[in-house]
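Student: Input file: final.cif. Contents: mmCIF, C-alpha atoms.
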```cif
data_model
loop_
_atom_site.label_atom_id
_atom_site.label_comp_id
_atom_site.auth_asym_id
_atom_site.auth_seq_id
_atom_site.Cartn_x
_atom_site.Cartn_y
_atom_site.Cartn_z
CA MET A 26 71.10 96.37 138.57
CA ALA A 27 69.99 96.12 142.20
CA LYS A 28 66.38 96.95 142.95
CA SER A 29 65.53 99.86 145.21
CA ASP A 30 64.05 99.21 148.62
CA TYR A 31 60.25 99.25 148.39
CA TYR A 32 59.85 101.32 151.57
CA GLU A 33 62.37 103.89 150.33
CA LEU A 34 60.58 104.08 146.97
CA LEU A 35 57.34 105.05 148.70
CA GLY A 36 59.05 107.23 151.29
CA VAL A 37 57.67 105.40 154.36
CA ASP A 38 59.33 103.59 157.25
CA ARG A 39 59.00 99.84 157.78
CA GLY A 40 56.46 100.25 160.55
CA ALA A 41 54.01 102.29 158.41
CA ASP A 42 50.39 101.15 158.50
CA ASP A 43 48.23 100.39 155.46
CA ALA A 44 46.72 103.90 155.31
CA ALA A 45 50.17 105.55 155.32
CA ILE A 46 51.40 103.21 152.58
CA LYS A 47 48.34 103.87 150.44
CA LYS A 48 48.69 107.65 150.91
CA ALA A 49 52.39 107.55 150.03
CA PHE A 50 51.70 105.43 146.94
CA ARG A 51 49.07 107.88 145.66
CA LYS A 52 51.49 110.77 146.10
CA MET A 53 54.39 109.03 144.31
CA ALA A 54 52.19 107.60 141.54
CA MET A 55 50.81 111.06 140.75
CA LYS A 56 54.33 112.51 140.81
CA TYR A 57 55.72 110.03 138.26
CA HIS A 58 52.57 109.38 136.22
CA PRO A 59 53.30 109.36 132.43
CA ASP A 60 50.56 111.92 131.84
CA GLN A 61 52.42 114.31 134.12
CA ASN A 62 55.81 113.49 132.60
CA PRO A 63 55.41 112.91 128.85
CA ASP A 64 58.43 111.44 127.04
CA ASP A 65 60.31 111.05 130.32
CA ASP A 66 61.82 107.57 130.48
CA VAL A 67 63.12 108.05 134.02
CA ALA A 68 59.67 109.03 135.32
CA GLU A 69 58.09 106.06 133.53
CA ARG A 70 60.60 103.69 135.13
CA LYS A 71 59.96 105.24 138.56
CA PHE A 72 56.20 104.92 138.03
CA LYS A 73 56.53 101.18 137.38
CA GLU A 74 58.82 100.73 140.40
CA VAL A 75 56.33 102.55 142.64
CA ASN A 76 53.53 100.34 141.31
CA GLU A 77 55.56 97.22 142.01
CA ALA A 78 56.40 98.39 145.54
CA TYR A 79 52.79 99.11 146.39
CA GLU A 80 51.63 95.77 144.95
CA VAL A 81 53.85 94.02 147.48
CA LEU A 82 53.41 96.24 150.54
CA LYS A 83 49.61 96.46 150.34
CA ASP A 84 49.32 92.65 150.64
CA PRO A 85 49.98 91.41 154.23
CA GLN A 86 51.43 88.08 153.10
CA LYS A 87 53.66 89.54 150.41
CA ARG A 88 54.79 92.30 152.77
CA ALA A 89 55.71 89.75 155.44
CA ALA A 90 57.72 87.76 152.89
CA TYR A 91 59.48 90.91 151.68
CA ASP A 92 60.28 92.02 155.24
CA GLN A 93 61.92 88.61 155.88
CA TYR A 94 63.61 87.81 152.56
CA GLY A 95 63.75 91.12 150.66
CA HIS A 96 63.51 91.03 146.85
CA ALA A 97 64.63 87.40 146.88
CA ALA A 98 61.19 86.46 148.16
CA PHE A 99 59.74 87.09 144.70
CA GLU A 100 62.47 85.75 142.49
CA GLN A 101 61.94 82.40 140.82
CA GLY A 102 61.49 79.77 143.50
CA GLY A 103 61.32 82.34 146.31
CA PRO A 104 58.74 81.88 149.08
CA GLY A 105 56.62 84.80 147.87
CA ALA A 106 56.84 84.23 144.11
CA SER A 107 53.50 82.48 143.66
CA GLY A 108 50.83 84.67 142.16
CA PHE A 109 52.91 87.90 141.99
CA GLU A 110 53.09 89.94 138.82
CA ALA A 111 54.75 93.36 138.73
CA GLY A 112 52.93 96.22 137.04
CA MET A 113 49.21 96.89 136.95
CA GLY A 114 47.78 93.76 138.53
CA GLY A 115 45.55 94.22 141.58
CA PHE A 116 45.32 98.02 141.65
CA GLY A 117 41.50 98.06 141.79
CA ASP A 118 39.89 101.05 143.41
CA VAL A 119 43.16 102.82 144.28
CA PHE A 120 44.23 103.18 140.65
CA GLU A 121 40.70 104.29 139.67
CA ASP A 122 40.94 107.03 142.30
CA ILE A 123 44.29 108.24 140.98
CA PHE A 124 43.22 108.10 137.36
CA SER A 125 40.08 110.11 138.08
CA GLU A 126 42.23 112.85 139.64
CA PHE A 127 44.24 113.14 136.42
CA MET A 128 40.97 113.44 134.50
CA GLY A 129 40.02 116.52 136.50
CA GLY A 130 38.06 115.63 139.59
CA GLY A 131 37.32 113.33 142.44
CA ARG A 132 36.09 109.84 141.90
CA GLN A 133 32.52 109.54 140.71
CA ARG A 134 30.47 106.44 140.04
CA GLN A 135 27.55 106.57 137.65
CA ARG A 136 24.28 105.62 139.23
CA SER A 137 22.05 103.32 137.29
CA GLY A 138 18.30 102.97 137.53
CA PRO A 139 16.09 105.53 139.34
CA SER A 140 17.97 108.62 140.47
CA ARG A 141 17.05 111.83 142.27
CA GLY A 142 16.37 114.94 140.21
CA SER A 143 18.52 118.06 140.38
CA ASP A 144 17.80 120.92 142.77
CA MET A 145 16.56 124.18 141.24
CA ARG A 146 17.00 127.86 142.15
CA TYR A 147 14.48 130.69 141.81
CA ASN A 148 15.20 134.35 142.63
CA LEU A 149 12.21 136.09 144.22
CA SER A 150 12.14 139.85 144.66
CA ILE A 151 9.99 141.14 147.54
CA SER A 152 9.39 144.55 149.13
CA LEU A 153 10.54 145.56 152.60
CA HIS A 154 6.86 145.74 153.49
CA ASP A 155 6.47 142.04 152.53
CA ALA A 156 9.53 141.14 154.62
CA PHE A 157 8.01 143.02 157.59
CA HIS A 158 4.50 141.56 157.46
CA GLY A 159 5.15 138.23 155.73
CA ARG A 160 3.24 137.26 152.64
CA LYS A 161 1.86 134.29 150.76
CA MET A 162 2.85 134.60 147.10
CA SER A 163 2.19 132.66 143.91
CA ILE A 164 5.11 132.11 141.54
CA ARG A 165 5.25 130.57 138.10
CA ILE A 166 8.37 128.61 137.28
CA PRO A 167 9.53 126.64 134.24
CA GLY A 168 11.03 123.26 134.98
CA ILE A 169 11.42 119.58 134.27
CA VAL A 170 8.61 117.44 135.66
CA SER A 171 7.76 113.77 135.56
CA CYS A 172 6.04 112.76 132.32
CA ASP A 173 2.26 112.48 132.78
CA ALA A 174 1.85 109.85 130.07
CA CYS A 175 4.30 107.28 131.45
CA SER A 176 4.42 108.41 135.10
CA GLY A 177 8.14 109.00 134.78
CA THR A 178 9.10 105.47 133.72
CA GLY A 179 9.88 106.44 130.12
CA SER A 180 8.03 103.35 128.89
CA ALA A 181 4.93 103.55 126.69
CA ASP A 182 3.50 100.19 127.79
CA GLY A 183 4.13 100.72 131.49
CA SER A 184 6.90 98.12 131.64
CA LYS A 185 9.95 98.68 133.77
CA PRO A 186 13.32 99.55 132.25
CA VAL A 187 15.78 96.70 131.75
CA ASN A 188 19.54 96.56 132.15
CA CYS A 189 21.40 98.05 129.21
CA PRO A 190 22.77 95.25 127.02
CA THR A 191 25.92 97.23 126.24
CA CYS A 192 27.12 98.02 129.79
CA GLN A 193 25.12 95.36 131.65
CA GLY A 194 23.61 97.95 133.92
CA HIS A 195 26.85 99.65 135.02
CA GLY A 196 26.32 102.85 133.03
CA LYS A 197 29.94 102.76 131.85
CA VAL A 198 32.01 100.79 129.38
CA ARG A 199 35.72 100.09 129.52
CA ALA A 200 38.28 99.93 126.75
CA GLN A 201 41.93 98.93 126.93
CA GLN A 202 44.33 101.51 125.50
CA GLY A 203 47.87 100.31 125.90
CA PHE A 204 48.93 100.54 129.52
CA PHE A 205 45.60 101.98 130.71
CA THR A 206 42.01 100.90 131.00
CA ILE A 207 39.78 103.82 129.97
CA GLU A 208 36.25 104.05 131.40
CA ARG A 209 33.60 106.00 129.48
CA THR A 210 29.89 106.72 129.77
CA CYS A 211 27.88 104.05 127.99
CA PRO A 212 26.74 105.40 124.58
CA THR A 213 23.62 103.21 124.52
CA CYS A 214 21.97 104.23 127.79
CA GLY A 215 23.72 107.55 128.34
CA GLY A 216 25.09 106.38 131.68
CA GLN A 217 21.73 105.37 133.17
CA GLY A 218 22.49 101.67 133.11
CA GLN A 219 18.97 100.89 131.87
CA THR A 220 17.07 101.13 128.62
CA VAL A 221 13.39 101.16 127.67
CA LYS A 222 12.10 98.69 125.07
CA ASP A 223 9.07 100.75 124.01
CA PRO A 224 9.82 104.44 124.73
CA CYS A 225 7.01 106.83 125.63
CA ARG A 226 6.20 109.02 122.63
CA LEU A 227 5.59 112.14 124.71
CA CYS A 228 8.92 112.16 126.57
CA ARG A 229 10.84 109.92 124.14
CA GLY A 230 11.83 107.54 126.88
CA SER A 231 13.37 110.11 129.23
CA GLY A 232 10.51 110.03 131.72
CA LYS A 233 10.63 113.86 131.89
CA MET A 234 8.99 116.80 130.17
CA GLU A 235 9.19 120.59 130.30
CA LYS A 236 6.26 122.27 131.99
CA GLU A 237 5.51 125.53 133.79
CA ARG A 238 4.01 125.28 137.25
CA ASN A 239 2.24 127.61 139.68
CA LEU A 240 3.55 127.27 143.21
CA SER A 241 2.53 128.94 146.46
CA VAL A 242 5.33 130.40 148.60
CA SER A 243 4.90 131.58 152.19
CA VAL A 244 7.39 134.34 153.01
CA PRO A 245 7.76 134.50 156.82
CA LYS A 246 8.05 137.72 158.79
CA GLY A 247 11.55 139.04 159.31
CA VAL A 248 13.34 137.40 156.38
CA GLU A 249 16.55 139.08 155.26
CA ASP A 250 18.09 139.70 151.87
CA GLY A 251 19.82 136.58 150.55
CA GLN A 252 17.94 134.09 152.72
CA ARG A 253 16.38 131.11 151.02
CA ILE A 254 13.20 129.09 151.31
CA ARG A 255 13.28 125.35 150.52
CA LEU A 256 10.35 123.66 148.82
CA ALA A 257 11.00 119.94 149.13
CA GLY A 258 10.26 117.85 146.05
CA GLU A 259 9.55 120.86 143.81
CA GLY A 260 12.83 120.69 141.89
CA GLU A 261 13.63 118.82 138.70
CA ALA A 262 11.96 115.45 138.25
CA GLY A 263 13.99 112.32 138.96
CA THR A 264 15.08 109.80 136.35
CA ARG A 265 13.26 106.52 135.82
CA GLY A 266 10.72 107.30 138.52
CA GLY A 267 13.28 108.58 141.04
CA PRO A 268 12.35 111.32 143.56
CA ALA A 269 12.34 114.96 142.48
CA GLY A 270 14.95 117.43 143.70
CA ASP A 271 14.19 120.48 145.81
CA LEU A 272 13.44 124.07 144.83
CA TYR A 273 15.40 126.78 146.63
CA ILE A 274 13.89 130.27 146.53
CA PHE A 275 16.46 133.01 147.14
CA LEU A 276 14.95 136.25 148.44
CA GLN A 277 15.99 139.69 147.24
CA ILE A 278 14.55 142.63 149.21
CA GLU A 279 13.94 145.77 147.18
CA PRO A 280 15.15 149.18 148.45
CA HIS A 281 12.57 151.23 150.34
CA SER A 282 11.92 154.94 149.77
CA LEU A 283 11.93 155.81 153.50
CA PHE A 284 13.72 153.07 155.44
CA GLN A 285 17.12 151.43 155.33
CA ARG A 286 17.61 148.09 157.01
CA GLU A 287 20.51 147.00 159.19
CA GLY A 288 19.76 143.51 160.47
CA PRO A 289 16.67 143.73 162.70
CA ASN A 290 16.85 147.54 162.89
CA LEU A 291 15.51 150.23 160.57
CA ILE A 292 16.99 153.66 159.89
CA CYS A 293 14.92 156.60 158.71
CA GLU A 294 16.57 159.88 157.73
CA VAL A 295 14.20 162.75 158.53
CA PRO A 296 14.69 166.34 157.28
CA VAL A 297 14.03 168.88 160.05
CA PRO A 298 13.59 172.61 159.41
CA MET A 299 16.42 174.75 160.70
CA THR A 300 14.02 176.64 162.96
CA THR A 301 12.74 173.43 164.57
CA ALA A 302 16.30 172.18 165.09
CA ALA A 303 17.30 175.53 166.64
CA LEU A 304 14.21 176.22 168.76
CA GLY A 305 13.02 172.67 169.42
CA GLY A 306 9.76 170.99 168.47
CA SER A 307 8.44 167.59 167.43
CA VAL A 308 8.34 165.53 164.23
CA GLU A 309 5.90 162.79 163.18
CA ILE A 310 7.54 159.52 162.08
CA PRO A 311 5.87 156.71 160.06
CA SER A 312 6.61 153.03 160.70
CA LEU A 313 6.16 149.84 158.70
CA ASP A 314 3.57 148.49 161.13
CA GLY A 315 1.15 151.17 159.92
CA THR A 316 1.25 153.33 163.03
CA LYS A 317 2.80 156.76 163.51
CA GLY A 318 5.24 157.86 166.15
CA ARG A 319 6.41 161.27 167.28
CA ILE A 320 9.84 162.31 168.47
CA THR A 321 10.73 165.44 170.42
CA ILE A 322 13.49 167.55 168.89
CA PRO A 323 15.47 169.39 171.59
CA ALA A 324 16.59 172.94 170.89
CA GLY A 325 20.02 173.02 169.25
CA THR A 326 19.75 169.60 167.57
CA GLN A 327 22.46 169.03 164.97
CA THR A 328 22.49 167.02 161.74
CA GLY A 329 23.27 163.34 162.40
CA LYS A 330 21.60 163.23 165.81
CA LYS A 331 19.79 159.89 166.20
CA PHE A 332 16.64 159.09 168.12
CA ARG A 333 15.56 155.55 168.96
CA LEU A 334 12.02 154.18 168.76
CA LYS A 335 12.20 150.88 170.58
CA GLY A 336 10.41 147.90 169.02
CA LYS A 337 9.54 149.75 165.80
CA GLY A 338 12.09 147.89 163.66
CA MET A 339 11.85 144.61 161.73
CA PRO A 340 10.40 141.43 163.19
CA ILE A 341 13.14 138.98 164.19
CA LEU A 342 12.71 135.73 162.24
CA ARG A 343 10.98 132.98 164.24
CA GLN A 344 10.81 135.21 167.32
CA SER A 345 8.16 137.47 168.83
CA ARG A 346 10.58 140.40 169.23
CA HIS A 347 11.22 143.35 166.93
CA GLY A 348 14.28 145.47 166.31
CA ASP A 349 14.34 149.24 166.77
CA LEU A 350 13.76 152.22 164.51
CA PHE A 351 16.51 154.83 164.52
CA VAL A 352 15.58 158.29 163.29
CA SER A 353 18.53 160.29 161.95
CA VAL A 354 18.02 164.05 161.85
CA MET A 355 19.08 166.05 158.80
CA VAL A 356 18.85 169.79 159.48
CA GLU A 357 17.52 171.49 156.36
CA THR A 358 18.93 174.82 155.19
CA PRO A 359 16.11 177.19 154.17
CA VAL A 360 15.81 178.19 150.50
CA ASN A 361 13.73 180.73 148.52
CA LEU A 362 13.98 183.34 151.29
CA SER A 363 11.97 186.53 151.19
CA ALA A 364 13.68 189.88 151.65
CA ARG A 365 12.44 190.08 155.23
CA GLN A 366 13.71 186.58 156.01
CA ARG A 367 17.11 187.44 154.60
CA GLU A 368 17.19 190.55 156.72
CA LEU A 369 16.36 188.60 159.86
CA LEU A 370 19.01 185.95 159.13
CA ALA A 371 21.61 188.63 158.48
CA GLU A 372 20.72 190.24 161.76
CA PHE A 373 20.96 186.85 163.48
CA ALA A 374 24.37 186.20 161.97
CA THR A 375 25.81 189.35 163.56
CA GLY A 376 24.11 188.88 166.87
CA GLY A 377 26.69 186.81 168.76
CA ASP A 378 29.67 184.46 168.70
CA ASN A 379 28.20 181.55 170.67
CA ASN A 380 25.43 180.45 168.31
CA SER A 381 27.57 178.00 166.28
CA PRO A 382 29.90 176.18 168.72
CA GLU A 383 30.91 173.51 166.23
CA HIS A 384 31.81 176.16 163.65
CA GLU A 385 33.92 178.10 166.15
CA SER A 386 35.61 174.94 167.38
CA PHE A 387 36.49 173.89 163.83
CA PHE A 388 38.17 177.18 162.97
CA ASP A 389 40.09 177.15 166.25
CA LYS A 390 41.49 173.79 165.14
CA VAL A 391 42.34 175.23 161.71
CA VAL A 392 44.30 178.09 163.32
CA ASP A 393 46.16 175.63 165.56
CA PHE A 394 46.94 173.44 162.54
CA PHE A 395 48.53 176.22 160.50
CA SER A 396 50.37 177.57 163.52
CA ALA A 397 51.90 174.16 164.18
CA ASP A 398 52.78 173.78 160.50
CA GLY A 399 54.53 177.16 160.54
CA ASP A 400 56.54 176.20 163.62
CA LYS A 401 57.79 173.06 161.86
CA LYS A 402 59.00 175.11 158.85
CA ASP A 403 60.96 177.44 161.11
#
```
Translate this file's structure into structure tokens.

Tutor:
Amino acid sequence: MAKSDYYELLGVDRGADDAAIKKAFRKMAMKYHPDQNPDDDVAERKFKEVNEAYEVLKDPQKRAAYDQYGHAAFEQGGPGASGFEAGMGGFGDVFEDIFSEFMGGGRQRQRSGPSRGSDMRYNLSISLHDAFHGRKMSIRIPGIVSCDACSGTGSADGSKPVNCPTCQGHGKVRAQQGFFTIERTCPTCGGQGQTVKDPCRLCRGSGKMEKERNLSVSVPKGVEDGQRIRLAGEGEAGTRGGPAGDLYIFLQIEPHSLFQREGPNLICEVPVPMTTAALGGSVEIPSLDGTKGRITIPAGTQTGKKFRLKGKGMPILRQSRHGDLFVSVMVETPVNLSARQRELLAEFATGGDNNSPEHESFFDKVVDFFSADGDKKD
């Protein structure tokens, strides 16, 4: 049975560069991999053919021989036969990359010896007042710190860790299982690549211990909900004396009873008596900077009318400017009226047709709506 052309097997043209050949091989190998096609003899045969094609085309000398002589270059006595074996030989890093993808992720190599600790997260709830003025706060966090007794080495006598005798410092061991070489975390050192002869009794050789810590956090002016503060080196302790990770503090700003925040601006909804809204007047407005402002309410002000107090909003982070404070008017309907008040309101209600322009305009639109609807039915 004639062999298939190696370039056709990988789906590349004869002028393809090494990167294109490698990319094509990865795609075809994953397509026909036995794990993807269990009990499929055709896929298994294709997988071996793809492996054989890549073994030749990735090597400049073998590729040159194949381009000149074809498959005959690797038959017994052919110019390219020396040192060539079809199958798994010479895959190296490429096959490790493909195999790791079948195992559920990108390629990862275990680090041996000292390694950096993991980063940690802490959620900190602050008030809008704290976000406005800034504040220095003390927090207490649980965490993993470097062992005090052995200074993080894990060794009781102060000696340095030595290479693991099982994995020779690699952190992984390999075992042959039929067609594949399986790589696993070393059971002796747990993937660290090193072991301790005389483990520290306090941390049992890990070099780490659980401990609560008090930390000081400076919350700057103008921070927003969801922003984070990074404390370098305050995360989980490293392994075997490695550097600690970082601590990330995520800020959550609590709702305020008077103000709502929209970026650098503040919104305050202020109830205004109906008489003030109708006749005009002024209203006193608080602000987060501790001062008071006053806005003038023009006669005939309606609910939803907004007034702007420039520079009375939130500080803008790392700037000297502030946002604005917007005051939204909510006209309040009077309640608990006396008999005399009711009488006066009733008299007012019958006094004219131009006192409620929005009301009149709305009902004009309602009449037009029903008139138009009736015309359509006719």

Student: Please enumerate the residues selected by the PyMOL selection byres ((chain A and resi 217-226) around 6) when evaluated against the supplied file, formatted as a list of chain:residue names.

Tutor: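 Applied to this file, the PyMOL selection byres ((chain A and resi 217-226) around 6) selects A:Ser137, A:Gly179, A:Ser180, A:Ala181, A:Pro186, A:Val187, A:Asn188, A:Cys189, A:Gly194, A:His195, A:Gly196, A:Cys214, A:Gly215, A:Gly216, A:Leu227, A:Cys228, A:Arg229, A:Gly230.
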
Student: I would like the residues chosen by the PyMOL selection byres ((chain A and resi 316-332) around 7) on the shown file; could you give them as an MDAnalysis selection string?

Tutor: chainID A and resid 302:312 314:315 333:334 351:356

Student: Save out the residues we just selected, C-alpha atoms, as a compact mmCIF listing (two decimals), in the coordinates of the input.

Tutor:
```
# COMPACT_ATOMS: atom_id res chain seq x y z
CA ALA A 302 16.30 172.18 165.09
CA ALA A 303 17.30 175.53 166.64
CA LEU A 304 14.21 176.22 168.76
CA GLY A 305 13.02 172.67 169.42
CA GLY A 306 9.76 170.99 168.47
CA SER A 307 8.44 167.59 167.43
CA VAL A 308 8.34 165.53 164.23
CA GLU A 309 5.90 162.79 163.18
CA ILE A 310 7.54 159.52 162.08
CA PRO A 311 5.87 156.71 160.06
CA SER A 312 6.61 153.03 160.70
CA ASP A 314 3.57 148.49 161.13
CA GLY A 315 1.15 151.17 159.92
CA ARG A 333 15.56 155.55 168.96
CA LEU A 334 12.02 154.18 168.76
CA PHE A 351 16.51 154.83 164.52
CA VAL A 352 15.58 158.29 163.29
CA SER A 353 18.53 160.29 161.95
CA VAL A 354 18.02 164.05 161.85
CA MET A 355 19.08 166.05 158.80
CA VAL A 356 18.85 169.79 159.48
```

Student: Got a sec to resolve the PyMOL selection byres ((chain A and resi 62-75) around 12) on this structure and send the residues as a PyMOL selection string?

Tutor: chain A and resi 28-36+46-47+49-61+76-83+110-114+116+204

Student: With range 269-291 of chain A as the partner and 9 Å as the cut-off, tabulate the residues of range 315-373 of chain A that qualify, each row holding the nearest pair of atoms and their distance in Å to one decimal, using all atoms listed in the file, sorted by chain and rising number, as CSV.

Tutor:
```
residue,atom,partner,partner_atom,distance
A:Gly336,CA,A:Asn290,CA,8.9
A:Lys337,CA,A:Leu291,CA,8.0
A:Gly338,CA,A:Asn290,CA,4.8
A:Met339,CA,A:Pro289,CA,5.0
A:Pro340,CA,A:Pro289,CA,6.7
A:Ile341,CA,A:Pro289,CA,6.1
A:Leu342,CA,A:Pro289,CA,8.9
A:His347,CA,A:Pro289,CA,6.9
A:Gly348,CA,A:Pro289,CA,4.7
A:Asp349,CA,A:Asn290,CA,4.9
A:Leu350,CA,A:Leu291,CA,4.7
A:Phe351,CA,A:Leu291,CA,6.1
A:Val352,CA,A:Leu291,CA,8.5
```

Student: Please define a box with edges along x, y and z of the file around all atoms of range 208-225 of chain A given in the file, extend it by 6 Å on each side, and return its centre and edge lengths in Å to one decimal, as lines of an AutoDock Vina configuration file.

Tutor:
```
center_x = 21.6
center_y = 103.1
center_z = 128.6
size_x = 41.2
size_y = 20.9
size_z = 21.2
```

Student: Find, counting only C-alpha atoms, the residue in A:Arg88, A:Val360, A:Gly40, A:Gly247 that gets nearest to Ser152 in chain A.

Tutor: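 Of A:Arg88, A:Val360, A:Gly40, A:Gly247, the one nearest Ser152 in chain A is A:Gly247, counting only C-alpha atoms.
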
Student: I'd like the contact shell of Leu240 in chain A - 10 Å cut-off, only C-alpha atoms, skipping same-chain residues fewer than 3 positions apart - returned as a list of chain:residue names.

Tutor: A:Met162, A:Ser163, A:Ile164, A:Arg165, A:Ile166, A:Glu237, A:Leu256, A:Glu259

Student: By how many Å are CA of Ser171 in chain A and CA of Val198 in chain A apart?

Tutor: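 So the answer is 28.2 Å.
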
Student: Please determine, counting only C-alpha atoms, which residue among A:Thr264, A:Asn361, A:Leu369, A:Cys192 has the shortest atom-to-atom distance to Glu208 in chain A.

Tutor: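 Among the listed residues, A:Cys192 lies closest to Glu208 in chain A.
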
Student: Nearest to Pro296 in chain A: which of A:Arg141, A:Thr358, A:Ala371, A:Arg238 is it, counting all atoms listed in the file?

Tutor: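 Once distances to Pro296 in chain A are computed over all atoms listed in the file, the minimum belongs to A:Thr358.
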
Student: Report the distance between CA of Lys233 in chain A and CA of Gly263 in chain A in Å, rounded to one decimal place.

Tutor: 8.0 Å

Student: Could you check how far CA of Gly142 in chain A sits from CA of Gly258 in chain A, in Å to one decimal?

Tutor: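 Spanning CA of Gly142 in chain A to CA of Gly258 in chain A is a straight-line distance of 8.9 Å.
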
Student: Can you work out which one of A:Ser241, A:Ala262, A:Ala89, A:Ala97 has the shortest atom-to-atom distance to Asp173 in chain A, counting only C-alpha atoms?

Tutor: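 So, comparing all the options, the nearest one is A:Ala262.
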